[in-house]
Structure formats: C-alpha cells, structure tokens
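A.B. asks: Input entry-v7.cif, format and content: mmCIF, C-alpha atoms.
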```cif
data_model
loop_
_atom_site.group_PDB
_atom_site.id
_atom_site.type_symbol
_atom_site.label_atom_id
_atom_site.label_comp_id
_atom_site.auth_asym_id
_atom_site.auth_seq_id
_atom_site.Cartn_x
_atom_site.Cartn_y
_atom_site.Cartn_z
ATOM 1 C CA MET A 111 0.000 0.000 0.000
ATOM 2 C CA SER A 112 1.442 3.327 -0.995
ATOM 3 C CA ASN A 113 -0.245 6.516 0.113
ATOM 4 C CA ASP A 114 1.041 8.366 -2.925
ATOM 5 C CA HIS A 115 -1.664 6.642 -4.968
ATOM 6 C CA ASP A 116 -4.489 7.915 -2.772
ATOM 7 C CA LEU A 117 -6.690 10.974 -2.892
ATOM 8 C CA VAL A 118 -8.137 12.038 0.430
ATOM 9 C CA LEU A 119 -10.973 14.355 1.357
ATOM 10 C CA GLU A 120 -11.810 15.183 4.975
ATOM 11 C CA ARG A 121 -14.656 17.360 6.162
ATOM 12 C CA THR A 122 -16.582 18.014 9.324
ATOM 13 C CA LEU A 123 -20.205 17.786 8.279
ATOM 14 C CA ASP A 124 -22.814 19.863 10.070
ATOM 15 C CA ALA A 125 -25.228 16.946 10.465
ATOM 16 C CA PRO A 126 -25.548 14.105 12.986
ATOM 17 C CA ILE A 127 -23.814 10.845 12.176
ATOM 18 C CA ASP A 128 -26.955 8.684 12.123
ATOM 19 C CA LEU A 129 -28.528 10.922 9.487
ATOM 20 C CA VAL A 130 -25.317 11.096 7.465
ATOM 21 C CA TRP A 131 -25.097 7.301 7.497
ATOM 22 C CA LYS A 132 -28.715 7.041 6.414
ATOM 23 C CA ALA A 133 -28.218 9.568 3.606
ATOM 24 C CA TYR A 134 -25.172 7.656 2.396
ATOM 25 C CA THR A 135 -26.475 4.119 2.518
ATOM 26 C CA ASP A 136 -30.053 4.318 1.270
ATOM 27 C CA PRO A 137 -29.977 4.492 -2.536
ATOM 28 C CA GLU A 138 -33.064 6.720 -2.648
ATOM 29 C CA HIS A 139 -31.313 9.215 -0.390
ATOM 30 C CA LEU A 140 -27.939 8.836 -2.062
ATOM 31 C CA LYS A 141 -29.421 9.847 -5.417
ATOM 32 C CA GLN A 142 -30.277 13.235 -3.945
ATOM 33 C CA TRP A 143 -26.754 14.424 -3.138
ATOM 34 C CA PHE A 144 -24.106 12.073 -4.598
ATOM 35 C CA SER A 145 -23.338 14.050 -7.770
ATOM 36 C CA PRO A 146 -22.104 17.635 -7.748
ATOM 37 C CA LYS A 147 -24.968 19.775 -9.065
ATOM 38 C CA PRO A 148 -26.009 20.388 -11.826
ATOM 39 C CA TYR A 149 -25.047 16.758 -12.472
ATOM 40 C CA GLU A 150 -27.656 14.320 -11.260
ATOM 41 C CA ILE A 151 -27.888 10.673 -10.369
ATOM 42 C CA SER A 152 -30.632 9.223 -12.563
ATOM 43 C CA GLU A 153 -30.250 5.647 -11.332
ATOM 44 C CA CYS A 154 -28.754 4.187 -8.181
ATOM 45 C CA GLU A 155 -28.457 0.667 -6.855
ATOM 46 C CA LEU A 156 -26.812 -0.045 -3.530
ATOM 47 C CA ASP A 157 -27.049 -3.442 -1.898
ATOM 48 C CA LEU A 158 -25.480 -2.760 1.475
ATOM 49 C CA ARG A 159 -23.487 -5.956 2.075
ATOM 50 C CA PRO A 160 -20.039 -7.209 1.036
ATOM 51 C CA GLY A 161 -20.367 -8.452 -2.538
ATOM 52 C CA GLY A 162 -23.471 -6.342 -3.157
ATOM 53 C CA ILE A 163 -23.919 -4.035 -6.136
ATOM 54 C CA PHE A 164 -23.100 -0.334 -6.101
ATOM 55 C CA ARG A 165 -24.108 1.337 -9.324
ATOM 56 C CA ILE A 166 -24.874 4.917 -10.192
ATOM 57 C CA ARG A 167 -25.785 6.496 -13.478
ATOM 58 C CA MET A 168 -24.790 10.134 -13.604
ATOM 59 C CA VAL A 169 -26.259 12.571 -16.116
ATOM 60 C CA GLY A 170 -25.596 16.246 -16.790
ATOM 61 C CA PRO A 171 -27.238 19.228 -18.499
ATOM 62 C CA ASP A 172 -24.475 19.169 -21.130
ATOM 63 C CA GLY A 173 -25.585 15.741 -22.334
ATOM 64 C CA PHE A 174 -23.113 13.984 -20.054
ATOM 65 C CA ASP A 175 -24.336 10.485 -19.334
ATOM 66 C CA THR A 176 -22.429 7.524 -17.933
ATOM 67 C CA GLY A 177 -24.791 5.224 -19.785
ATOM 68 C CA HIS A 178 -25.931 2.433 -17.552
ATOM 69 C CA GLY A 179 -23.228 3.179 -15.029
ATOM 70 C CA ASN A 180 -20.693 0.447 -14.417
ATOM 71 C CA ALA A 181 -21.744 -1.852 -11.620
ATOM 72 C CA GLY A 182 -19.285 -1.728 -8.737
ATOM 73 C CA CYS A 183 -19.079 -3.860 -5.624
ATOM 74 C CA VAL A 184 -19.521 -3.170 -1.922
ATOM 75 C CA LEU A 185 -16.538 -4.446 0.076
ATOM 76 C CA GLU A 186 -17.029 -3.430 3.715
ATOM 77 C CA VAL A 187 -20.015 -2.282 5.723
ATOM 78 C CA VAL A 188 -19.524 -1.304 9.355
ATOM 79 C CA GLU A 189 -22.869 0.093 10.471
ATOM 80 C CA GLY A 190 -22.607 3.822 11.119
ATOM 81 C CA GLN A 191 -18.832 3.855 10.696
ATOM 82 C CA LYS A 192 -17.483 2.656 7.396
ATOM 83 C CA LEU A 193 -18.477 1.873 3.832
ATOM 84 C CA SER A 194 -16.006 0.670 1.203
ATOM 85 C CA TRP A 195 -16.674 -0.176 -2.396
ATOM 86 C CA THR A 196 -14.700 -0.644 -5.587
ATOM 87 C CA SER A 197 -15.192 -0.250 -9.313
ATOM 88 C CA ALA A 198 -12.519 -2.912 -9.963
ATOM 89 C CA LEU A 199 -15.128 -5.547 -9.173
ATOM 90 C CA GLY A 200 -18.817 -5.885 -9.950
ATOM 91 C CA PRO A 201 -21.484 -7.511 -7.794
ATOM 92 C CA GLY A 202 -20.542 -10.941 -6.492
ATOM 93 C CA TYR A 203 -16.872 -9.869 -6.729
ATOM 94 C CA ARG A 204 -16.635 -10.486 -10.480
ATOM 95 C CA PRO A 205 -13.772 -8.487 -12.055
ATOM 96 C CA ALA A 206 -15.306 -5.483 -13.793
ATOM 97 C CA GLU A 207 -14.919 -4.151 -17.298
ATOM 98 C CA MET A 208 -13.792 -0.542 -17.221
ATOM 99 C CA GLY A 209 -15.959 2.096 -18.850
ATOM 100 C CA GLU A 210 -15.287 5.586 -20.157
ATOM 101 C CA GLY A 211 -14.468 8.945 -18.606
ATOM 102 C CA CYS A 212 -14.691 8.834 -14.832
ATOM 103 C CA GLU A 213 -15.253 5.087 -15.072
ATOM 104 C CA SER A 214 -12.149 4.436 -17.168
ATOM 105 C CA PHE A 215 -9.877 3.453 -14.277
ATOM 106 C CA PRO A 216 -10.538 1.192 -11.303
ATOM 107 C CA MET A 217 -10.907 2.861 -7.936
ATOM 108 C CA THR A 218 -11.677 1.795 -4.408
ATOM 109 C CA ALA A 219 -13.433 4.253 -2.095
ATOM 110 C CA ILE A 220 -13.122 3.909 1.662
ATOM 111 C CA ILE A 221 -15.548 6.175 3.464
ATOM 112 C CA THR A 222 -15.446 6.562 7.237
ATOM 113 C CA PHE A 223 -17.710 8.435 9.603
ATOM 114 C CA ALA A 224 -17.170 9.419 13.247
ATOM 115 C CA ASP A 225 -19.228 11.406 15.714
ATOM 116 C CA ALA A 226 -17.558 14.817 16.026
ATOM 117 C CA GLY A 227 -19.856 15.999 18.843
ATOM 118 C CA ASN A 228 -22.432 18.813 18.797
ATOM 119 C CA GLY A 229 -24.410 17.046 16.093
ATOM 120 C CA LYS A 230 -21.517 17.062 13.651
ATOM 121 C CA THR A 231 -19.827 14.224 11.771
ATOM 122 C CA ALA A 232 -16.197 13.696 10.871
ATOM 123 C CA TYR A 233 -16.245 12.458 7.288
ATOM 124 C CA LYS A 234 -13.272 11.006 5.458
ATOM 125 C CA ALA A 235 -13.226 9.718 1.900
ATOM 126 C CA VAL A 236 -10.140 7.979 0.544
ATOM 127 C CA ALA A 237 -9.921 7.015 -3.121
ATOM 128 C CA LEU A 238 -7.343 4.278 -3.795
ATOM 129 C CA HIS A 239 -5.825 3.912 -7.252
ATOM 130 C CA LYS A 240 -3.570 1.301 -8.744
ATOM 131 C CA ASN A 241 -0.851 3.778 -9.680
ATOM 132 C CA ALA A 242 0.130 7.440 -9.755
ATOM 133 C CA ALA A 243 -1.164 7.942 -13.311
ATOM 134 C CA ASP A 244 -4.723 6.955 -12.388
ATOM 135 C CA MET A 245 -4.551 9.084 -9.270
ATOM 136 C CA GLU A 246 -3.451 12.095 -11.318
ATOM 137 C CA THR A 247 -6.189 11.491 -13.874
ATOM 138 C CA HIS A 248 -8.737 11.448 -11.074
ATOM 139 C CA GLU A 249 -7.231 14.555 -9.496
ATOM 140 C CA LYS A 250 -7.373 16.452 -12.787
ATOM 141 C CA MET A 251 -11.001 15.408 -13.260
ATOM 142 C CA GLY A 252 -11.625 17.564 -10.211
ATOM 143 C CA PHE A 253 -11.634 15.108 -7.319
ATOM 144 C CA GLN A 254 -11.289 17.778 -4.616
ATOM 145 C CA ASP A 255 -13.955 20.067 -6.076
ATOM 146 C CA GLY A 256 -16.324 17.259 -6.954
ATOM 147 C CA TRP A 257 -16.080 15.231 -3.779
ATOM 148 C CA GLY A 258 -15.931 18.454 -1.719
ATOM 149 C CA THR A 259 -19.161 19.685 -3.286
ATOM 150 C CA THR A 260 -20.906 16.372 -2.701
ATOM 151 C CA ALA A 261 -19.751 16.368 0.932
ATOM 152 C CA LYS A 262 -21.540 19.710 1.374
ATOM 153 C CA GLN A 263 -24.607 18.349 -0.379
ATOM 154 C CA LEU A 264 -24.496 15.264 1.850
ATOM 155 C CA ALA A 265 -24.570 17.405 5.008
ATOM 156 C CA GLU A 266 -27.354 19.608 3.666
ATOM 157 C CA TYR A 267 -29.434 16.621 2.618
ATOM 158 C CA ALA A 268 -28.802 14.671 5.827
ATOM 159 C CA ARG A 269 -30.120 17.612 7.883
ATOM 160 C CA THR A 270 -33.476 17.319 6.107
ATOM 161 C CA LEU A 271 -33.875 13.709 7.295
ATOM 162 C CA SER A 272 -35.182 12.600 10.642
ATOM 163 C CA VAL A 273 -33.722 9.671 12.553
ATOM 164 C CA ASN A 274 -36.761 7.420 12.415
ATOM 165 C CA ALA A 275 -38.160 8.275 9.019
ATOM 166 C CA MET B 50 -23.406 -12.198 -12.893
ATOM 167 C CA SER B 51 -23.204 -14.319 -15.965
ATOM 168 C CA ASN B 52 -22.133 -17.915 -15.625
ATOM 169 C CA ASP B 53 -20.686 -17.949 -19.113
ATOM 170 C CA HIS B 54 -17.703 -16.037 -17.754
ATOM 171 C CA ASP B 55 -16.933 -18.605 -15.052
ATOM 172 C CA LEU B 56 -14.734 -21.672 -14.907
ATOM 173 C CA VAL B 57 -15.787 -24.280 -12.380
ATOM 174 C CA LEU B 58 -13.987 -27.241 -10.868
ATOM 175 C CA GLU B 59 -15.705 -29.648 -8.482
ATOM 176 C CA ARG B 60 -14.075 -32.589 -6.756
ATOM 177 C CA THR B 61 -14.755 -34.855 -3.820
ATOM 178 C CA LEU B 62 -11.501 -34.860 -1.883
ATOM 179 C CA ASP B 63 -10.500 -37.914 0.094
ATOM 180 C CA ALA B 64 -9.560 -35.933 3.197
ATOM 181 C CA PRO B 65 -11.556 -34.519 6.111
ATOM 182 C CA ILE B 66 -12.816 -30.967 5.837
ATOM 183 C CA ASP B 67 -10.934 -29.599 8.853
ATOM 184 C CA LEU B 68 -7.616 -30.753 7.389
ATOM 185 C CA VAL B 69 -8.513 -29.477 3.922
ATOM 186 C CA TRP B 70 -9.366 -26.089 5.397
ATOM 187 C CA LYS B 71 -6.092 -26.050 7.320
ATOM 188 C CA ALA B 72 -4.088 -27.023 4.230
ATOM 189 C CA TYR B 73 -5.772 -24.266 2.237
ATOM 190 C CA THR B 74 -5.573 -21.397 4.683
ATOM 191 C CA ASP B 75 -2.117 -21.690 6.290
ATOM 192 C CA PRO B 76 0.433 -20.230 3.865
ATOM 193 C CA GLU B 77 3.109 -22.714 4.957
ATOM 194 C CA HIS B 78 0.770 -25.569 4.076
ATOM 195 C CA LEU B 79 -0.570 -23.916 0.948
ATOM 196 C CA LYS B 80 2.943 -23.667 -0.505
ATOM 197 C CA GLN B 81 3.164 -27.466 -0.464
ATOM 198 C CA TRP B 82 0.321 -28.219 -2.867
ATOM 199 C CA PHE B 83 -0.997 -25.047 -4.544
ATOM 200 C CA SER B 84 0.980 -25.326 -7.817
ATOM 201 C CA PRO B 85 0.705 -28.308 -10.146
ATOM 202 C CA LYS B 86 4.024 -30.177 -9.908
ATOM 203 C CA PRO B 87 6.739 -29.731 -11.108
ATOM 204 C CA TYR B 88 5.837 -26.072 -10.621
ATOM 205 C CA GLU B 89 6.453 -24.875 -7.091
ATOM 206 C CA ILE B 90 5.378 -22.033 -4.858
ATOM 207 C CA SER B 91 8.559 -20.315 -3.709
ATOM 208 C CA GLU B 92 6.808 -17.589 -1.720
ATOM 209 C CA CYS B 93 3.349 -17.348 -0.226
ATOM 210 C CA GLU B 94 1.600 -14.729 1.851
ATOM 211 C CA LEU B 95 -1.965 -15.205 3.028
ATOM 212 C CA ASP B 96 -3.522 -12.906 5.600
ATOM 213 C CA LEU B 97 -6.800 -14.649 6.281
ATOM 214 C CA ARG B 98 -9.200 -11.725 6.630
ATOM 215 C CA PRO B 99 -11.174 -9.554 4.199
ATOM 216 C CA GLY B 100 -8.734 -6.994 2.804
ATOM 217 C CA GLY B 101 -5.717 -9.176 3.645
ATOM 218 C CA ILE B 102 -2.970 -10.034 1.190
ATOM 219 C CA PHE B 103 -2.920 -13.194 -0.910
ATOM 220 C CA ARG B 104 0.295 -13.491 -2.863
ATOM 221 C CA ILE B 105 2.078 -16.450 -4.370
ATOM 222 C CA ARG B 106 5.238 -16.637 -6.414
ATOM 223 C CA MET B 107 5.247 -19.651 -8.682
ATOM 224 C CA VAL B 108 8.434 -21.022 -10.236
ATOM 225 C CA GLY B 109 9.068 -23.909 -12.618
ATOM 226 C CA PRO B 110 11.936 -26.097 -13.807
ATOM 227 C CA ASP B 111 11.738 -24.450 -17.221
ATOM 228 C CA GLY B 112 12.721 -21.106 -15.758
ATOM 229 C CA PHE B 113 9.099 -20.051 -15.321
ATOM 230 C CA ASP B 114 8.878 -17.457 -12.579
ATOM 231 C CA THR B 115 6.041 -15.085 -11.774
ATOM 232 C CA GLY B 116 8.571 -12.657 -10.324
ATOM 233 C CA HIS B 117 7.389 -11.346 -7.011
ATOM 234 C CA GLY B 118 3.878 -12.589 -7.654
ATOM 235 C CA ASN B 119 1.167 -9.956 -7.870
ATOM 236 C CA ALA B 120 -0.398 -9.279 -4.517
ATOM 237 C CA GLY B 121 -4.086 -10.167 -4.488
ATOM 238 C CA CYS B 122 -6.726 -9.544 -1.868
ATOM 239 C CA VAL B 123 -8.796 -11.805 0.368
ATOM 240 C CA LEU B 124 -12.509 -10.971 0.074
ATOM 241 C CA GLU B 125 -14.454 -13.486 2.152
ATOM 242 C CA VAL B 126 -13.487 -15.901 4.917
ATOM 243 C CA VAL B 127 -16.133 -18.208 6.346
ATOM 244 C CA GLU B 128 -14.243 -20.533 8.703
ATOM 245 C CA GLY B 129 -14.211 -24.056 7.337
ATOM 246 C CA GLN B 130 -16.614 -23.231 4.506
ATOM 247 C CA LYS B 131 -15.536 -20.525 2.118
ATOM 248 C CA LEU B 132 -12.552 -18.508 0.982
ATOM 249 C CA SER B 133 -12.731 -15.895 -1.769
ATOM 250 C CA TRP B 134 -9.955 -13.749 -3.126
ATOM 251 C CA THR B 135 -9.284 -11.625 -6.179
ATOM 252 C CA SER B 136 -6.334 -10.498 -8.246
ATOM 253 C CA ALA B 137 -8.276 -7.390 -9.339
ATOM 254 C CA LEU B 138 -7.433 -5.836 -5.980
ATOM 255 C CA GLY B 139 -4.332 -5.882 -3.807
ATOM 256 C CA PRO B 140 -4.188 -5.825 -0.008
ATOM 257 C CA GLY B 141 -6.341 -3.142 1.587
ATOM 258 C CA TYR B 142 -8.599 -3.336 -1.496
ATOM 259 C CA ARG B 143 -6.344 -1.175 -3.657
ATOM 260 C CA PRO B 144 -6.970 -1.766 -7.385
ATOM 261 C CA ALA B 145 -4.153 -3.990 -8.662
ATOM 262 C CA GLU B 146 -1.809 -3.622 -11.592
ATOM 263 C CA MET B 147 -2.024 -6.656 -13.820
ATOM 264 C CA GLY B 148 1.111 -8.704 -14.444
ATOM 265 C CA GLU B 149 2.142 -11.131 -17.150
ATOM 266 C CA GLY B 150 1.098 -14.631 -18.186
ATOM 267 C CA CYS B 151 -1.329 -16.162 -15.731
ATOM 268 C CA GLU B 152 -1.415 -12.832 -13.915
ATOM 269 C CA SER B 153 -2.317 -10.814 -17.009
ATOM 270 C CA PHE B 154 -6.071 -10.760 -16.400
ATOM 271 C CA PRO B 155 -8.034 -10.126 -13.213
ATOM 272 C CA MET B 156 -9.761 -13.094 -11.637
ATOM 273 C CA THR B 157 -11.810 -13.771 -8.555
ATOM 274 C CA ALA B 158 -11.683 -17.236 -7.011
ATOM 275 C CA ILE B 159 -14.528 -18.458 -4.834
ATOM 276 C CA ILE B 160 -13.610 -21.663 -3.048
ATOM 277 C CA THR B 161 -16.180 -23.582 -1.012
ATOM 278 C CA PHE B 162 -15.855 -26.653 1.170
ATOM 279 C CA ALA B 163 -18.532 -28.951 2.578
ATOM 280 C CA ASP B 164 -18.398 -32.135 4.610
ATOM 281 C CA ALA B 165 -19.182 -35.005 2.232
ATOM 282 C CA GLY B 166 -19.240 -37.651 4.983
ATOM 283 C CA ASN B 167 -16.864 -40.587 5.500
ATOM 284 C CA GLY B 168 -13.940 -38.240 5.978
ATOM 285 C CA LYS B 169 -14.354 -36.692 2.534
ATOM 286 C CA THR B 170 -14.779 -33.086 1.458
ATOM 287 C CA ALA B 171 -16.850 -31.594 -1.330
ATOM 288 C CA TYR B 172 -14.599 -28.990 -2.922
ATOM 289 C CA LYS B 173 -15.726 -26.397 -5.429
ATOM 290 C CA ALA B 174 -13.573 -23.749 -7.065
ATOM 291 C CA VAL B 175 -15.155 -21.065 -9.235
ATOM 292 C CA ALA B 176 -12.998 -18.630 -11.182
ATOM 293 C CA LEU B 177 -14.859 -15.456 -12.174
ATOM 294 C CA HIS B 178 -13.657 -13.411 -15.139
ATOM 295 C CA LYS B 179 -14.712 -10.039 -16.452
ATOM 296 C CA ASN B 180 -15.563 -11.359 -19.914
ATOM 297 C CA ALA B 181 -15.553 -14.421 -22.158
ATOM 298 C CA ALA B 182 -12.143 -13.594 -23.646
ATOM 299 C CA ASP B 183 -10.417 -13.746 -20.256
ATOM 300 C CA MET B 184 -12.261 -16.923 -19.390
ATOM 301 C CA GLU B 185 -11.117 -18.534 -22.631
ATOM 302 C CA THR B 186 -7.543 -17.409 -22.059
ATOM 303 C CA HIS B 187 -7.648 -18.999 -18.624
ATOM 304 C CA GLU B 188 -9.221 -22.163 -19.999
ATOM 305 C CA LYS B 189 -6.541 -22.477 -22.695
ATOM 306 C CA MET B 190 -3.820 -22.030 -20.075
ATOM 307 C CA GLY B 191 -5.080 -25.322 -18.719
ATOM 308 C CA PHE B 192 -7.475 -24.367 -15.941
ATOM 309 C CA GLN B 193 -9.088 -27.824 -15.678
ATOM 310 C CA ASP B 194 -5.801 -29.725 -15.708
ATOM 311 C CA GLY B 195 -3.992 -27.295 -13.452
ATOM 312 C CA TRP B 196 -6.694 -26.794 -10.863
ATOM 313 C CA GLY B 197 -7.621 -30.487 -11.074
ATOM 314 C CA THR B 198 -4.029 -31.500 -10.333
ATOM 315 C CA THR B 199 -3.778 -29.102 -7.403
ATOM 316 C CA ALA B 200 -7.085 -30.423 -6.012
ATOM 317 C CA LYS B 201 -5.509 -33.903 -5.924
ATOM 318 C CA GLN B 202 -2.379 -32.500 -4.321
ATOM 319 C CA LEU B 203 -4.527 -30.670 -1.770
ATOM 320 C CA ALA B 204 -6.237 -33.918 -0.731
ATOM 321 C CA GLU B 205 -2.925 -35.821 -0.551
ATOM 322 C CA TYR B 206 -1.284 -33.098 1.469
ATOM 323 C CA ALA B 207 -4.269 -32.607 3.795
ATOM 324 C CA ARG B 208 -4.206 -36.313 4.694
ATOM 325 C CA THR B 209 -0.660 -35.893 6.031
ATOM 326 C CA LEU B 210 -1.835 -33.271 8.520
ATOM 327 C CA SER B 211 -3.384 -33.952 11.879
ATOM 328 C CA VAL B 212 -6.231 -31.904 13.286
ATOM 329 C CA ASN B 213 -4.386 -30.390 16.218
ATOM 330 C CA ALA B 214 -0.919 -29.965 14.736
#
```
Is it possible to give me this structure as structure tokens?

C.D. replies:
Amino acid sequence: MSNDHDLVLERTLDAPIDLVWKAYTDPEHLKQWFSPKPYEISECELDLRPGGIFRIRMVGPDGFDTGHGNAGCVLEVVEGQKLSWTSALGPGYRPAEMGEGCESFPMTAIITFADAGNGKTAYKAVALHKNAADMETHEKMGFQDGWGTTAKQLAEYARTLSVNA
Amino acid sequence: MSNDHDLVLERTLDAPIDLVWKAYTDPEHLKQWFSPKPYEISECELDLRPGGIFRIRMVGPDGFDTGHGNAGCVLEVVEGQKLSWTSALGPGYRPAEMGEGCESFPMTAIITFADAGNGKTAYKAVALHKNAADMETHEKMGFQDGWGTTAKQLAEYARTLSVNA
C-alpha cells in the first residue's frame, strides 16, 4: 500500500452521524446528493453488504451520461462507521470491465464516519488507485472540487432527514 | 453475474474438511500443494481476513517465474466453509496492476468446502472473469488440468496433517 496513490478528502459535516449514514447508505437518499450539481444521479443501486452491487448512473445538463453506469461492488459495511466499495469488481466480486471517462480506471473508495460531537460528523473519503497515473487522472477530473461539493450536499441533505423516518 | 464467464472445478476430496481447510488457509501448508508439480510455490503470503494479502510466487523447472507474484486480496473468509480472493485488488482493497502470463487478467476465485461424509470433502472452485475472452484465455492455459491437479495435491497433502498440529 502506498499513500502516494491515494486521494483524500476530509470534512466536518454539520449533520448528525446517524442521518449522514442514512443519507449515504439508502440508494433513494444517495441519489439526492451524490453528484455535484447540476449533475444528477438518474439511477442508483446499492445493496449494502459485502459483494453487493453499487451502481450509479450520472447525467448532466451538457448531455453527459455515464450510460448504464458500471456496476461496482460493496466491500465493507460497518454500520454507522465505514463503507467501502470498488469499481474494480462488480457484484458478487466479479472483475469489472472498465468504462469511459470517470469510469475508465478502477478505484476503491473507503468512506469513514465518526461522531464529532455537537451534532456534527467527521467524514473522510479515501480514493485508492492502482498507480500514480490513475490518481493524477482522477485529481485532474476535479476530485477535490467534486467530492468536496458532494460532501456539502451530503450534510445539507442529511439535515433534512429525521432519525426514524 | 453471468455464468458464461466462469470456470468451475468440483471434486470430492478424500480428506476430512478440517484438514482441507487447514491445508488451504495456512500459507506454509498452501505452498506445499498449490501449484501443479513440477511447478512450485517459492513464496506465499496469506492474511486470512477480508482486505488481507494473498500473494504467491510460482516457479518452474523451465525457468518459469512469476517474479514477485502480484499481490491479491482476500474478500471473504467463512471458517471451514468458504474462501474468496481476487487479483483485481491488492491488499487493503487497492486496485491492482495486472502482471504477465497467468497474472495478465483479473480473476476472482470463490472456493467452497462442505463435509461429504466418511472423511471426505466436497470442494468447489469457481474462477470469475470479467468477460468471455479472459475466461477462454484462462481455460486455454489449462485451468481444468492445473486446478484439477492441485485439487488432488490438496487432498494428498491434507491427509498428512493432523487436526491439532
């Protein structure tokens, strides 16, 4: 493992951890904030168990469309604390075909959540790449802006949820 | 999941399941049978937990050598029942660089064990590929012969072990 192939985003979200977890792990919620506006998620599948599918189809006002969205694979689920998935594998751990654009290189995302007190959540997203070239490609695509924007959207959306709903 | 991208090997091994599991999951044991003779495993690392490393270096009398052996990743461990790993990811779930020869395409192996009674073990190995081309490449490399031979070696080696050793 070499950290020079990782991209990292850390934010303190102004929303309680149980709502952030809910917003992240329910596909109907995730659709609402996962793409930086004006891009939208038109389809989302998330089967929250190791080996389960994670698939999003992103579309944009400029005609941008990831097609069906490559099906990725959930790797780790630690309730309220951690969610990892990869695009290197599809559901059932089958090696995945790479797609185009932001789906052209394999990536593993490791997302962790911690209670930061006062109704806030410490949020950390690490994107693992196989080499420096893929990491740089992802960085130039606007990783920090894109994932930073969605982190804000996640907090805003999570605040609209209630714990038991 | 499409079964037309899988290769499957099923055998009833003449060895008890606890010894088969031990022979499969301890890297010192695994080295003894995992490559079809006269090929040998010169190095083996297996960290038996999801996200742990699985790496073998195979060498042969004809100068065949996989180099350092690409580091793969353990995906599932169900004690005595199931072991899954992939070469599409390395340890810690980082997307893996592909290598050469038998390491040139990503593969996920799903190995299951069941007690077949009378001291025998039902053994099933499924190799998942991303597409038909990779599956055919693997098949032409001699999947059935190679994995069939190692299944025999696994049973022979497991019988030399004792449960508590």

A.B. asks: Could the residues of chain A within 7 Å of chain B, counting only C-alpha atoms, be given as a list in words, please?

C.D. replies: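 Taking only C-alpha atoms into account, Ala198, Tyr203, Arg204, Pro205, Ala206, Glu207, Pro216, Met217, Thr218, Leu238, His239 and Lys240 of chain A sit within 7 Å of chain B.
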
A.B. asks: Taking the file as shown, what set of residues would the PyMOL selection byres ((chain A and resi 253) around 12) give back, as a list in words?

C.D. replies: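 Checking the PyMOL selection byres ((chain A and resi 253) around 12) against this file, the residues are Asp116, Leu117, Val118, Leu119, Ser145, Pro146, Cys212, Ala235, Val236, Ala237, Asp244, Met245, Glu246, Thr247, His248, Glu249, Lys250, Met251, Gly252, Gln254, Asp255, Gly256, Trp257, Gly258, Thr259, Thr260 and Ala261 of chain A.
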
A.B. asks: What do you get, as a list in words, if you spell out every residue that the PyMOL selection byres ((chain B and resi 106) around 8) selects here?

C.D. replies: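 Output from the PyMOL selection byres ((chain B and resi 106) around 8), applied to this file: Ile90, Ser91, Glu92, Cys93, Arg104, Ile105, Met107, Val108, Asp114, Thr115, Gly116, His117, Gly118 and Asn119 of chain B.
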
A.B. asks: Name the residues captured by the PyMOL selection byres ((chain B and resi 165-172) around 9) when it is applied to the shown file; answer as a list in words.

C.D. replies: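 This file, filtered by the PyMOL selection byres ((chain B and resi 165-172) around 9), leaves Leu58, Glu59, Arg60, Thr61, Leu62, Asp63, Ala64, Pro65, Ile66, Val69, Ile160, Thr161, Phe162, Ala163, Asp164, Lys173, Ala174, Ala200 and Ala204 of chain B.
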
A.B. asks: Can I get the selection written as a compact mmCIF listing (two decimals), in the coordinates of the input, with C-alpha atoms?

C.D. replies:
```txt
# COMPACT_ATOMS: atom_id res chain seq x y z
CA LEU B 58 -13.99 -27.24 -10.87
CA GLU B 59 -15.70 -29.65 -8.48
CA ARG B 60 -14.08 -32.59 -6.76
CA THR B 61 -14.76 -34.85 -3.82
CA LEU B 62 -11.50 -34.86 -1.88
CA ASP B 63 -10.50 -37.91 0.09
CA ALA B 64 -9.56 -35.93 3.20
CA PRO B 65 -11.56 -34.52 6.11
CA ILE B 66 -12.82 -30.97 5.84
CA VAL B 69 -8.51 -29.48 3.92
CA ILE B 160 -13.61 -21.66 -3.05
CA THR B 161 -16.18 -23.58 -1.01
CA PHE B 162 -15.86 -26.65 1.17
CA ALA B 163 -18.53 -28.95 2.58
CA ASP B 164 -18.40 -32.14 4.61
CA LYS B 173 -15.73 -26.40 -5.43
CA ALA B 174 -13.57 -23.75 -7.06
CA ALA B 200 -7.08 -30.42 -6.01
CA ALA B 204 -6.24 -33.92 -0.73
```

A.B. asks: When you draw a straight line from CA of Val188 in chain A to CA of Arg98 in chain B, how long is it in Å?

C.D. replies: 14.9 Å

A.B. asks: So the first atom is CA of Gly112 in chain B and the second is CA of Asp96 in chain B; what is the distance between them in Å, to one decimal place?

C.D. replies: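 That distance, rounded to one decimal, is 28.1 Å.
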
A.B. asks: Please indicate the distance in Å from CA of Lys86 in chain B to CA of Asp111 in chain B, rounded to one decimal place.

C.D. replies: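 Computed distance, CA of Lys86 in chain B to CA of Asp111 in chain B, equals 12.1 Å.
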
A.B. asks: To box range 228-244 of chain A, take all atoms listed in the file, fit an axis-aligned box, add 5 Å on each side, and give centre and edge lengths in Å to one decimal, as AutoDock Vina command-line options.

C.D. replies:
```
--center_x -12.1 --center_y 10.1 --center_z 2.7 --size_x 34.5 --size_y 27.5 --size_z 42.1
```

A.B. asks: Calculated over all atoms listed in the file, which of the candidates B:Asp53, B:Ala120, B:Leu68, B:Glu77 has the smallest distance to Thr209 in chain B?

C.D. replies: B:Leu68
